[in-house]
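Peer 1: So that you have it, the file is work.cif, and it contains mmCIF, C-alpha atoms:
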```
data_work
#
loop_
_atom_site.group_PDB
_atom_site.id
_atom_site.type_symbol
_atom_site.label_atom_id
_atom_site.label_comp_id
_atom_site.auth_asym_id
_atom_site.auth_seq_id
_atom_site.Cartn_x
_atom_site.Cartn_y
_atom_site.Cartn_z
ATOM 1 C CA MET A 18 47.222 189.833 41.208
ATOM 2 C CA LEU A 19 47.069 191.363 37.717
ATOM 3 C CA TRP A 20 49.799 189.069 36.417
ATOM 4 C CA LYS A 21 48.110 186.044 37.964
ATOM 5 C CA ARG A 22 44.806 186.868 36.256
ATOM 6 C CA LEU A 23 46.595 187.493 32.984
ATOM 7 C CA ARG A 24 48.350 184.137 33.275
ATOM 8 C CA LEU A 25 45.031 182.423 33.980
ATOM 9 C CA THR A 26 43.478 184.144 30.971
ATOM 10 C CA LEU A 27 46.286 182.941 28.700
ATOM 11 C CA GLU A 28 45.765 179.425 30.066
ATOM 12 C CA MET A 29 42.023 179.723 29.446
ATOM 13 C CA ILE A 30 42.439 180.702 25.793
ATOM 14 C CA LYS A 31 45.262 178.182 25.268
ATOM 15 C CA PHE A 32 47.559 180.947 24.044
ATOM 16 C CA GLU A 33 50.164 178.444 22.870
ATOM 17 C CA HIS A 34 47.725 177.169 20.242
ATOM 18 C CA SER A 35 48.175 180.376 18.268
ATOM 19 C CA VAL A 36 50.588 178.144 16.331
ATOM 20 C CA PHE A 37 47.615 176.573 14.531
ATOM 21 C CA ALA A 38 46.772 179.492 12.239
ATOM 22 C CA LEU A 39 49.871 181.683 12.461
ATOM 23 C CA PRO A 40 52.039 179.625 10.052
ATOM 24 C CA PHE A 41 49.328 179.854 7.383
ATOM 25 C CA ALA A 42 49.113 183.629 7.824
ATOM 26 C CA LEU A 43 52.889 183.953 7.513
ATOM 27 C CA THR A 44 52.815 181.753 4.415
ATOM 28 C CA GLY A 45 50.219 184.077 2.890
ATOM 29 C CA ALA A 46 52.523 187.014 3.591
ATOM 30 C CA LEU A 47 55.572 185.267 2.088
ATOM 31 C CA LEU A 48 53.584 184.339 -1.020
ATOM 32 C CA ALA A 49 52.637 188.008 -1.356
ATOM 33 C CA PHE A 50 56.295 189.050 -1.103
ATOM 34 C CA ARG A 51 57.164 186.401 -3.697
ATOM 35 C CA GLU A 52 54.499 187.729 -6.047
ATOM 36 C CA GLY A 53 56.051 191.185 -5.735
ATOM 37 C CA GLY A 54 59.492 189.933 -6.711
ATOM 38 C CA TYR A 55 61.227 190.293 -3.328
ATOM 39 C CA ARG A 56 62.126 193.930 -3.843
ATOM 40 C CA VAL A 57 64.778 195.373 -1.512
ATOM 41 C CA ALA A 58 62.282 198.059 -0.552
ATOM 42 C CA ASP A 59 59.674 195.504 0.524
ATOM 43 C CA PRO A 60 58.423 196.311 4.031
ATOM 44 C CA TRP A 61 59.487 193.074 5.725
ATOM 45 C CA TRP A 62 58.714 194.699 9.093
ATOM 46 C CA LYS A 63 55.076 194.004 8.240
ATOM 47 C CA LEU A 64 55.630 190.388 9.257
ATOM 48 C CA LEU A 65 55.931 191.563 12.864
ATOM 49 C CA TRP A 66 52.632 193.439 12.722
ATOM 50 C CA ILE A 67 50.954 190.469 11.039
ATOM 51 C CA VAL A 68 52.030 188.306 13.989
ATOM 52 C CA VAL A 69 50.754 190.913 16.449
ATOM 53 C CA ALA A 70 47.440 191.176 14.579
ATOM 54 C CA MET A 71 47.025 187.390 14.483
ATOM 55 C CA VAL A 72 47.738 186.958 18.176
ATOM 56 C CA GLY A 73 45.444 189.860 19.064
ATOM 57 C CA ALA A 74 42.535 188.604 16.979
ATOM 58 C CA ARG A 75 42.830 185.004 18.159
ATOM 59 C CA SER A 76 43.163 186.027 21.810
ATOM 60 C CA ALA A 77 40.082 188.238 21.582
ATOM 61 C CA ALA A 78 38.087 185.527 19.798
ATOM 62 C CA MET A 79 39.024 182.764 22.237
ATOM 63 C CA ALA A 80 38.289 184.841 25.337
ATOM 64 C CA PHE A 81 34.991 185.986 23.805
ATOM 65 C CA ASN A 82 34.087 182.357 23.074
ATOM 66 C CA ARG A 83 34.804 181.328 26.659
ATOM 67 C CA LEU A 84 32.593 184.163 27.938
ATOM 68 C CA VAL A 85 29.690 183.361 25.611
ATOM 69 C CA ASP A 86 29.897 179.648 26.446
ATOM 70 C CA ALA A 87 30.608 180.016 30.184
ATOM 71 C CA GLU A 88 27.143 178.880 31.287
ATOM 72 C CA THR A 89 27.047 175.990 28.822
ATOM 73 C CA ASP A 90 30.592 174.965 29.739
ATOM 74 C CA GLY A 91 29.514 174.789 33.366
ATOM 75 C CA ARG A 92 26.947 172.103 32.492
ATOM 76 C CA ASN A 93 29.277 170.074 30.280
ATOM 77 C CA PRO A 94 31.224 167.372 32.177
ATOM 78 C CA ARG A 95 34.182 167.866 29.815
ATOM 79 C CA THR A 96 34.433 171.630 30.310
ATOM 80 C CA ARG A 97 32.915 172.359 33.707
ATOM 81 C CA MET A 98 36.370 172.851 35.263
ATOM 82 C CA ARG A 99 37.325 175.672 32.907
ATOM 83 C CA HIS A 100 38.363 178.977 34.447
ATOM 84 C CA LEU A 101 35.092 180.914 34.108
ATOM 85 C CA PRO A 102 32.612 178.208 35.223
ATOM 86 C CA THR A 103 34.692 177.504 38.334
ATOM 87 C CA GLY A 104 35.133 181.183 39.177
ATOM 88 C CA LEU A 105 38.913 180.910 38.915
ATOM 89 C CA LEU A 106 38.760 183.915 36.596
ATOM 90 C CA GLY A 107 36.217 186.728 36.738
ATOM 91 C CA HIS A 108 34.006 187.721 33.826
ATOM 92 C CA GLY A 109 34.957 191.374 34.197
ATOM 93 C CA PHE A 110 38.652 190.705 33.675
ATOM 94 C CA ALA A 111 37.879 188.401 30.739
ATOM 95 C CA TRP A 112 35.805 191.121 29.060
ATOM 96 C CA ALA A 113 38.631 193.611 29.630
ATOM 97 C CA PHE A 114 41.006 191.131 28.014
ATOM 98 C CA VAL A 115 38.699 190.842 24.982
ATOM 99 C CA ALA A 116 38.640 194.632 24.647
ATOM 100 C CA ALA A 117 42.416 194.953 25.036
ATOM 101 C CA SER A 118 43.157 192.156 22.554
ATOM 102 C CA SER A 119 40.725 193.666 20.046
ATOM 103 C CA ALA A 120 42.438 197.037 20.431
ATOM 104 C CA VAL A 121 45.834 195.436 19.806
ATOM 105 C CA PHE A 122 44.456 193.819 16.646
ATOM 106 C CA VAL A 123 43.005 197.085 15.333
ATOM 107 C CA LEU A 124 46.238 198.930 16.172
ATOM 108 C CA ALA A 125 48.297 196.349 14.275
ATOM 109 C CA ALA A 126 45.900 196.555 11.316
ATOM 110 C CA GLY A 127 46.360 200.324 11.291
ATOM 111 C CA PHE A 128 50.136 199.973 11.135
ATOM 112 C CA LEU A 129 49.824 197.587 8.183
ATOM 113 C CA ASN A 130 47.770 199.673 5.736
ATOM 114 C CA ARG A 131 44.507 201.543 5.333
ATOM 115 C CA LEU A 132 42.602 198.631 3.813
ATOM 116 C CA CYS A 133 43.566 196.366 6.721
ATOM 117 C CA LEU A 134 42.289 198.991 9.145
ATOM 118 C CA ARG A 135 38.996 199.285 7.283
ATOM 119 C CA LEU A 136 38.529 195.513 7.254
ATOM 120 C CA ALA A 137 39.523 195.028 10.917
ATOM 121 C CA PRO A 138 35.961 195.432 12.319
ATOM 122 C CA LEU A 139 34.651 192.926 9.766
ATOM 123 C CA ALA A 140 37.356 190.437 10.731
ATOM 124 C CA LEU A 141 36.455 190.786 14.416
ATOM 125 C CA ALA A 142 32.775 190.336 13.579
ATOM 126 C CA VAL A 143 33.579 187.068 11.783
ATOM 127 C CA VAL A 144 35.651 185.595 14.615
ATOM 128 C CA PHE A 145 33.144 186.685 17.273
ATOM 129 C CA CYS A 146 30.191 185.350 15.270
ATOM 130 C CA TYR A 147 31.471 181.784 15.537
ATOM 131 C CA SER A 148 30.745 181.697 19.279
ATOM 132 C CA PHE A 149 26.982 181.791 18.605
ATOM 133 C CA THR A 150 26.766 179.380 15.671
ATOM 134 C CA LYS A 151 26.391 176.117 17.637
ATOM 135 C CA ARG A 152 23.057 177.483 18.784
ATOM 136 C CA PHE A 153 21.507 177.500 15.313
ATOM 137 C CA THR A 154 23.562 175.694 12.637
ATOM 138 C CA SER A 155 25.517 172.484 12.154
ATOM 139 C CA PHE A 156 27.808 174.456 9.843
ATOM 140 C CA SER A 157 29.475 175.977 12.902
ATOM 141 C CA HIS A 158 32.628 173.976 12.107
ATOM 142 C CA LEU A 159 32.954 175.730 8.754
ATOM 143 C CA VAL A 160 32.403 179.116 10.377
ATOM 144 C CA LEU A 161 35.267 178.367 12.753
ATOM 145 C CA GLY A 162 37.330 177.248 9.782
ATOM 146 C CA PHE A 163 36.621 180.467 7.913
ATOM 147 C CA SER A 164 37.567 182.468 11.020
ATOM 148 C CA LEU A 165 41.060 181.007 10.726
ATOM 149 C CA GLY A 166 40.982 180.817 6.949
ATOM 150 C CA ILE A 167 40.801 184.565 6.466
ATOM 151 C CA ALA A 168 44.255 184.888 8.061
ATOM 152 C CA PRO A 169 46.386 184.138 4.947
ATOM 153 C CA ALA A 170 44.179 186.359 2.770
ATOM 154 C CA ALA A 171 44.455 189.135 5.365
ATOM 155 C CA ALA A 172 48.237 188.713 5.423
ATOM 156 C CA TRP A 173 48.324 189.016 1.624
ATOM 157 C CA ILE A 174 46.334 192.249 1.868
ATOM 158 C CA ALA A 175 48.717 193.479 4.569
ATOM 159 C CA VAL A 176 51.684 193.046 2.232
ATOM 160 C CA ARG A 177 50.181 193.928 -1.159
ATOM 161 C CA GLY A 178 47.439 196.365 -0.179
ATOM 162 C CA SER A 179 44.836 194.454 -2.207
ATOM 163 C CA LEU A 180 43.377 190.956 -2.476
ATOM 164 C CA ASP A 181 44.478 188.509 -5.176
ATOM 165 C CA PRO A 182 41.758 185.863 -5.703
ATOM 166 C CA ARG A 183 44.425 183.153 -6.001
ATOM 167 C CA ILE A 184 45.242 183.344 -2.277
ATOM 168 C CA LEU A 185 41.655 182.309 -1.568
ATOM 169 C CA TRP A 186 42.759 178.738 -2.316
ATOM 170 C CA LEU A 187 44.751 178.947 0.915
ATOM 171 C CA THR A 188 41.773 180.467 2.724
ATOM 172 C CA ALA A 189 39.672 177.514 1.560
ATOM 173 C CA ALA A 190 42.383 175.027 2.553
ATOM 174 C CA VAL A 191 42.622 176.400 6.100
ATOM 175 C CA THR A 192 38.815 176.531 6.336
ATOM 176 C CA PHE A 193 38.441 172.852 5.435
ATOM 177 C CA TRP A 194 41.385 171.793 7.606
ATOM 178 C CA THR A 195 40.042 173.583 10.673
ATOM 179 C CA ALA A 196 36.476 172.401 10.095
ATOM 180 C CA GLY A 197 37.726 168.829 9.755
ATOM 181 C CA PHE A 198 39.613 168.718 13.018
ATOM 182 C CA ASP A 199 36.824 170.605 14.798
ATOM 183 C CA VAL A 200 34.356 167.929 13.699
ATOM 184 C CA ILE A 201 36.679 165.324 15.207
ATOM 185 C CA TYR A 202 37.010 167.304 18.436
ATOM 186 C CA SER A 203 33.263 167.860 18.740
ATOM 187 C CA CYS A 204 32.627 164.104 18.700
ATOM 188 C CA GLN A 205 33.536 164.178 22.402
ATOM 189 C CA ASP A 206 30.426 166.294 23.080
ATOM 190 C CA TYR A 207 27.966 164.199 21.070
ATOM 191 C CA GLU A 208 25.784 163.229 24.029
ATOM 192 C CA PHE A 209 25.944 166.691 25.580
ATOM 193 C CA ASP A 210 25.041 168.398 22.297
ATOM 194 C CA CYS A 211 22.046 166.104 21.947
ATOM 195 C CA ALA A 212 20.901 166.796 25.506
ATOM 196 C CA GLU A 213 21.362 170.561 25.139
ATOM 197 C CA SER A 214 19.991 170.770 21.565
ATOM 198 C CA LEU A 215 23.266 172.262 20.348
ATOM 199 C CA PHE A 216 24.127 171.985 16.662
ATOM 200 C CA SER A 217 27.105 170.009 15.392
ATOM 201 C CA VAL A 218 27.911 167.535 12.642
ATOM 202 C CA PRO A 219 28.213 164.585 15.087
ATOM 203 C CA ARG A 220 24.782 165.349 16.505
ATOM 204 C CA LEU A 221 23.351 165.694 12.984
ATOM 205 C CA VAL A 222 24.717 162.483 11.463
ATOM 206 C CA GLY A 223 26.256 160.483 14.307
ATOM 207 C CA ILE A 224 29.889 159.991 15.279
ATOM 208 C CA ALA A 225 30.842 157.421 12.624
ATOM 209 C CA ALA A 226 29.469 159.535 9.764
ATOM 210 C CA ALA A 227 30.979 162.678 11.297
ATOM 211 C CA LEU A 228 34.435 161.120 11.166
ATOM 212 C CA ARG A 229 33.888 160.316 7.497
ATOM 213 C CA ILE A 230 32.884 163.933 6.886
ATOM 214 C CA ALA A 231 36.057 165.066 8.677
ATOM 215 C CA ARG A 232 38.083 162.925 6.275
ATOM 216 C CA LEU A 233 36.252 164.487 3.320
ATOM 217 C CA LEU A 234 36.982 167.995 4.644
ATOM 218 C CA HIS A 235 40.668 167.159 4.925
ATOM 219 C CA PHE A 236 40.650 165.728 1.408
ATOM 220 C CA LEU A 237 39.239 169.066 0.230
ATOM 221 C CA MET A 238 42.009 170.854 2.123
ATOM 222 C CA VAL A 239 44.648 168.898 0.226
ATOM 223 C CA ALA A 240 42.887 169.567 -3.093
ATOM 224 C CA CYS A 241 42.895 173.309 -2.380
ATOM 225 C CA LEU A 242 46.596 173.255 -1.501
ATOM 226 C CA LEU A 243 47.392 171.487 -4.768
ATOM 227 C CA ALA A 244 45.321 174.056 -6.647
ATOM 228 C CA LEU A 245 47.344 176.827 -4.994
ATOM 229 C CA VAL A 246 50.637 175.118 -5.860
ATOM 230 C CA PHE A 247 49.751 175.068 -9.538
ATOM 231 C CA THR A 248 48.027 178.464 -9.578
ATOM 232 C CA LEU A 249 51.052 180.239 -8.092
ATOM 233 C CA HIS A 250 53.576 177.976 -9.879
ATOM 234 C CA LEU A 251 55.251 176.733 -6.734
ATOM 235 C CA GLY A 252 57.848 173.982 -6.789
ATOM 236 C CA ALA A 253 58.806 170.565 -5.515
ATOM 237 C CA LEU A 254 59.254 171.613 -1.899
ATOM 238 C CA ALA A 255 55.694 172.918 -1.728
ATOM 239 C CA LEU A 256 54.470 169.611 -3.155
ATOM 240 C CA ALA A 257 56.597 167.762 -0.604
ATOM 241 C CA GLY A 258 54.925 169.856 2.091
ATOM 242 C CA VAL A 259 51.514 168.789 0.845
ATOM 243 C CA ALA A 260 52.650 165.159 0.892
ATOM 244 C CA ALA A 261 53.835 165.574 4.498
ATOM 245 C CA ILE A 262 50.455 167.022 5.436
ATOM 246 C CA VAL A 263 48.667 164.079 3.816
ATOM 247 C CA ALA A 264 50.768 161.658 5.870
ATOM 248 C CA LEU A 265 50.051 163.550 9.098
ATOM 249 C CA LEU A 266 46.323 163.734 8.394
ATOM 250 C CA VAL A 267 46.147 160.014 7.618
ATOM 251 C CA TYR A 268 47.832 159.316 10.944
ATOM 252 C CA GLU A 269 45.559 161.807 12.717
ATOM 253 C CA HIS A 270 42.452 160.024 11.466
ATOM 254 C CA SER A 271 43.901 156.649 12.451
ATOM 255 C CA LEU A 272 43.987 157.826 16.069
ATOM 256 C CA VAL A 273 40.231 158.299 16.325
ATOM 257 C CA LYS A 274 37.547 155.640 15.988
ATOM 258 C CA ALA A 275 33.789 155.952 16.372
ATOM 259 C CA ASP A 276 33.924 153.623 19.370
ATOM 260 C CA ASP A 277 37.203 154.972 20.798
ATOM 261 C CA LEU A 278 37.654 158.741 21.242
ATOM 262 C CA SER A 279 40.331 158.418 23.907
ATOM 263 C CA ARG A 280 43.028 159.886 21.643
ATOM 264 C CA VAL A 281 41.085 162.871 20.341
ATOM 265 C CA ASN A 282 43.349 165.322 22.178
ATOM 266 C CA ALA A 283 46.433 163.833 20.541
ATOM 267 C CA ALA A 284 44.740 164.070 17.139
ATOM 268 C CA PHE A 285 43.490 167.594 17.769
ATOM 269 C CA PHE A 286 46.361 169.362 19.515
ATOM 270 C CA THR A 287 49.564 167.488 18.684
ATOM 271 C CA MET A 288 48.980 166.450 15.073
ATOM 272 C CA ASN A 289 47.456 169.733 13.937
ATOM 273 C CA GLY A 290 50.343 171.646 15.467
ATOM 274 C CA TYR A 291 52.683 169.506 13.372
ATOM 275 C CA VAL A 292 50.533 170.080 10.272
ATOM 276 C CA SER A 293 50.726 173.875 10.467
ATOM 277 C CA VAL A 294 54.423 174.061 11.366
ATOM 278 C CA LEU A 295 55.560 171.543 8.735
ATOM 279 C CA PHE A 296 53.419 173.287 6.135
ATOM 280 C CA PHE A 297 55.181 176.565 6.852
ATOM 281 C CA VAL A 298 58.668 175.019 6.844
ATOM 282 C CA PHE A 299 58.204 173.337 3.453
ATOM 283 C CA TRP A 300 56.413 176.240 1.803
ATOM 284 C CA ALA A 301 58.773 178.910 3.160
ATOM 285 C CA ALA A 302 61.698 176.830 1.870
ATOM 286 C CA ASP A 303 60.031 176.598 -1.543
ATOM 287 C CA ILE A 304 59.325 180.339 -1.611
ATOM 288 C CA PHE A 305 62.896 181.336 -0.768
ATOM 289 C CA LEU A 306 64.955 178.539 -2.321
ATOM 290 C CA LEU A 307 62.988 177.847 -5.489
ATOM 291 C CA ARG A 308 61.807 181.370 -6.205
ATOM 292 C CA PRO A 309 61.479 182.464 -9.861
ATOM 293 C CA GLY A 310 64.773 183.588 -11.292
ATOM 294 C CA ALA A 311 66.790 182.238 -8.351
#
```
Would you write the structure of this file as structure tokens?

Peer 2:
Amino acid sequence: MLWKRLRLTLEMIKFEHSVFALPFALTGALLAFREGGYRVADPWWKLLWIVVAMVGARSAAMAFNRLVDAETDGRNPRTRMRHLPTGLLGHGFAWAFVAASSAVFVLAAGFLNRLCLRLAPLALAVVFCYSFTKRFTSFSHLVLGFSLGIAPAAAWIAVRGSLDPRILWLTAAVTFWTAGFDVIYSCQDYEFDCAESLFSVPRLVGIAAALRIARLLHFLMVACLLALVFTLHLGALALAGVAAIVALLVYEHSLVKADDLSRVNAAFFTMNGYVSVLFFVFWAADIFLLRPGA
């Protein structure tokens, strides 16, 4: 019974979608190692704890979001069959999962360094805060973006023990990327958001304008990535990675039209998974193969 409920919880939070933010966090860590000169004594084991921290934080945030939105999800035709509205999973177990995942995150932060441990409650507050934002601001998409965007900066802190302002270009890039695809995804709920007086960019400006705003957000993502390339003096492979992301984003936006949202899931889940993984592959290759002095 326990394993069945745990499996249902992992289905509910779409555990496999941890791939969205994890590659950016690992890139932040690798950039931090690169900045330190790849010393033999570098604690590469920290990468494992960064992964554990990321998975713990995302799992806690997703389960918390499902709990906060359970009643609203039950009224939404698109989400009414989710685990909590249908009673397939109990609220008590979901709350226990939030607590356990949060504890795993804090434990991992403690193994990383003292500053990570001190910042862990603030990080949890940020990711939990997002769940309430659709009730009072159309900037909820950016709050979600920032919730993922802090990951590479946190990974840098985990490796270096302090924050370098330059890594904030990657935080901004992930923030804009996430906000952009969340705007696209939220177009599906335009009518429901209007009926329920929930805040979102599509409800504020309409679906057609919202898709244009999503394109602008993704343009800003690319600009931030280019700024990071030049700020950290990365090479041709990093630039090739940015070019690959541009191609994927152009294709992603071609899948969705204001009068045809039938391929939103393909744009949201499939293409953004490719974006994050390809980004990591190109940038990790640049970091290791084109590193200074190599």

Peer 1: Using only C-alpha atoms, which of the listed residues (A:Phe114, A:Tyr202, A:Phe153, A:Phe216) sits closest to A:Glu269?

Peer 2: A:Tyr202

Peer 1: Looking at A:Ala142, A:Val294, A:Leu249, A:Ala244, which one is nearest to A:Leu43, with distances taken over all atoms listed in the file?

Peer 2: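 Selected residue with least distance to A:Leu43: A:Val294.
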
Peer 1: Counting all atoms listed in the file, which of A:Leu132, A:Ala78, A:Ala117, A:Ala126 gets nearest to A:Tyr147?

Peer 2: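 Of all the options, A:Ala78 lies closest to A:Tyr147.
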
Peer 1: Which polymer residues have any atom within 7 Å of an atom of stretch 173-181 of chain A, counting all atoms listed in the file, with same-chain residues fewer than 6 positions away left out, as a VMD selection string?

Peer 2: chain A and resid 45 to 46 49 to 50 63 129 to 130 132 to 133

Peer 1: Just C-alpha atoms for this one: save the residues we selected as an mmCIF file, keeping the file's coordinate frame.

Peer 2:
```
data_model
loop_
_atom_site.group_PDB
_atom_site.id
_atom_site.type_symbol
_atom_site.label_atom_id
_atom_site.label_comp_id
_atom_site.auth_asym_id
_atom_site.auth_seq_id
_atom_site.Cartn_x
_atom_site.Cartn_y
_atom_site.Cartn_z
ATOM 1 C CA GLY A 45 50.219 184.077 2.890
ATOM 2 C CA ALA A 46 52.523 187.014 3.591
ATOM 3 C CA ALA A 49 52.637 188.008 -1.356
ATOM 4 C CA PHE A 50 56.295 189.050 -1.103
ATOM 5 C CA LYS A 63 55.076 194.004 8.240
ATOM 6 C CA LEU A 129 49.824 197.587 8.183
ATOM 7 C CA ASN A 130 47.770 199.673 5.736
ATOM 8 C CA LEU A 132 42.602 198.631 3.813
ATOM 9 C CA CYS A 133 43.566 196.366 6.721
#
```

Peer 1: Do you have the atom CA of A:Gly162-atom CA of A:Thr195 distance handy?

Peer 2: 4.6 Å

Peer 1: Can you give me, as a ChimeraX atom specification, the residues this file yields under the PyMOL selection byres ((chain A and resi 83-87) around 12)?

Peer 2: /A:26-31,76-82,88-93,96-104,106-115,145-152,215

Peer 1: Please dump the current selection as a PDB file, keeping the file's coordinate frame; keep C-alpha atoms.

Peer 2:
```pdb
ATOM      1  CA  THR A  26      43.478 184.144  30.971  1.00  0.00           C
ATOM      2  CA  LEU A  27      46.286 182.941  28.700  1.00  0.00           C
ATOM      3  CA  GLU A  28      45.765 179.425  30.066  1.00  0.00           C
ATOM      4  CA  MET A  29      42.023 179.723  29.446  1.00  0.00           C
ATOM      5  CA  ILE A  30      42.439 180.702  25.793  1.00  0.00           C
ATOM      6  CA  LYS A  31      45.262 178.182  25.268  1.00  0.00           C
ATOM      7  CA  SER A  76      43.163 186.027  21.810  1.00  0.00           C
ATOM      8  CA  ALA A  77      40.082 188.238  21.582  1.00  0.00           C
ATOM      9  CA  ALA A  78      38.087 185.527  19.798  1.00  0.00           C
ATOM     10  CA  MET A  79      39.024 182.764  22.237  1.00  0.00           C
ATOM     11  CA  ALA A  80      38.289 184.841  25.337  1.00  0.00           C
ATOM     12  CA  PHE A  81      34.991 185.986  23.805  1.00  0.00           C
ATOM     13  CA  ASN A  82      34.087 182.357  23.074  1.00  0.00           C
ATOM     14  CA  GLU A  88      27.143 178.880  31.287  1.00  0.00           C
ATOM     15  CA  THR A  89      27.047 175.990  28.822  1.00  0.00           C
ATOM     16  CA  ASP A  90      30.592 174.965  29.739  1.00  0.00           C
ATOM     17  CA  GLY A  91      29.514 174.789  33.366  1.00  0.00           C
ATOM     18  CA  ARG A  92      26.947 172.103  32.492  1.00  0.00           C
ATOM     19  CA  ASN A  93      29.277 170.074  30.280  1.00  0.00           C
ATOM     20  CA  THR A  96      34.433 171.630  30.310  1.00  0.00           C
ATOM     21  CA  ARG A  97      32.915 172.359  33.707  1.00  0.00           C
ATOM     22  CA  MET A  98      36.370 172.851  35.263  1.00  0.00           C
ATOM     23  CA  ARG A  99      37.325 175.672  32.907  1.00  0.00           C
ATOM     24  CA  HIS A 100      38.363 178.977  34.447  1.00  0.00           C
ATOM     25  CA  LEU A 101      35.092 180.914  34.108  1.00  0.00           C
ATOM     26  CA  PRO A 102      32.612 178.208  35.223  1.00  0.00           C
ATOM     27  CA  THR A 103      34.692 177.504  38.334  1.00  0.00           C
ATOM     28  CA  GLY A 104      35.133 181.183  39.177  1.00  0.00           C
ATOM     29  CA  LEU A 106      38.760 183.915  36.596  1.00  0.00           C
ATOM     30  CA  GLY A 107      36.217 186.728  36.738  1.00  0.00           C
ATOM     31  CA  HIS A 108      34.006 187.721  33.826  1.00  0.00           C
ATOM     32  CA  GLY A 109      34.957 191.374  34.197  1.00  0.00           C
ATOM     33  CA  PHE A 110      38.652 190.705  33.675  1.00  0.00           C
ATOM     34  CA  ALA A 111      37.879 188.401  30.739  1.00  0.00           C
ATOM     35  CA  TRP A 112      35.805 191.121  29.060  1.00  0.00           C
ATOM     36  CA  ALA A 113      38.631 193.611  29.630  1.00  0.00           C
ATOM     37  CA  PHE A 114      41.006 191.131  28.014  1.00  0.00           C
ATOM     38  CA  VAL A 115      38.699 190.842  24.982  1.00  0.00           C
ATOM     39  CA  PHE A 145      33.144 186.685  17.273  1.00  0.00           C
ATOM     40  CA  CYS A 146      30.191 185.350  15.270  1.00  0.00           C
ATOM     41  CA  TYR A 147      31.471 181.784  15.537  1.00  0.00           C
ATOM     42  CA  SER A 148      30.745 181.697  19.279  1.00  0.00           C
ATOM     43  CA  PHE A 149      26.982 181.791  18.605  1.00  0.00           C
ATOM     44  CA  THR A 150      26.766 179.380  15.671  1.00  0.00           C
ATOM     45  CA  LYS A 151      26.391 176.117  17.637  1.00  0.00           C
ATOM     46  CA  ARG A 152      23.057 177.483  18.784  1.00  0.00           C
ATOM     47  CA  LEU A 215      23.266 172.262  20.348  1.00  0.00           C
TER      48      LEU A 215
END
```

Peer 1: Extract, using all atoms listed in the file, all DNA, RNA and protein residues at most 8 Å from A:Ala275, discarding same-chain residues fewer than 2 positions from it, and format them as a PyMOL selection string.

Peer 2: chain A and resi 224-225+228+273+277-278

Peer 1: One decimal, in Å: what's the spacing between atom CA of A:Ala240 and atom CA of A:Ala190?

Peer 2: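 Between atom CA of A:Ala240 and atom CA of A:Ala190 the gap works out to 7.9 Å.
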
Peer 1: When the PyMOL selection byres ((chain A and resi 67) around 10) is applied to the structure above, which residues does it catch, written out as a list in words?

Peer 2: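 Going through the file, the PyMOL selection byres ((chain A and resi 67) around 10) ends up selecting Leu39, Ala42, Leu43, Ala46, Trp62, Lys63, Leu64, Leu65, Trp66, Val68, Val69, Ala70, Met71, Val72, Gly73, Phe122, Ala125, Ala126, Phe128, Leu129, Ala168, Pro169, Ala171, Ala172, Trp173, Ala175 and Val176 of chain A.
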
Peer 1: Calculated over all atoms listed in the file, which of the candidates A:Ser157, A:Ser119, A:Gly166, A:Ser279 has the smallest distance to A:Leu141?

Peer 2: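 Under the stated criterion, the closest residue is A:Ser119.
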
Peer 1: Of the candidates A:Leu233, A:Leu165, A:Ala38, A:Ala189, which shows the shortest atom-to-atom distance to A:Phe296, using all atoms listed in the file?

Peer 2: A:Ala38

Peer 1: Selection in question (the file shown): the PyMOL selection byres ((chain A and resi 299) around 9). Which residues does it include, as a list of chain:residue names?

Peer 2: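 For this structure, the PyMOL selection byres ((chain A and resi 299) around 9) resolves to A:Leu254, A:Ala255, A:Leu256, A:Ala257, A:Gly258, A:Val259, A:Ala261, A:Val294, A:Leu295, A:Phe296, A:Phe297, A:Val298, A:Trp300, A:Ala301, A:Ala302, A:Asp303, A:Ile304.
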
Peer 1: Can you tell me how far atom CA of A:Phe193 sits from atom CA of A:Val123, in Å to one decimal?

Peer 2: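 Atom CA of A:Val123 lies 26.6 Å from atom CA of A:Phe193.
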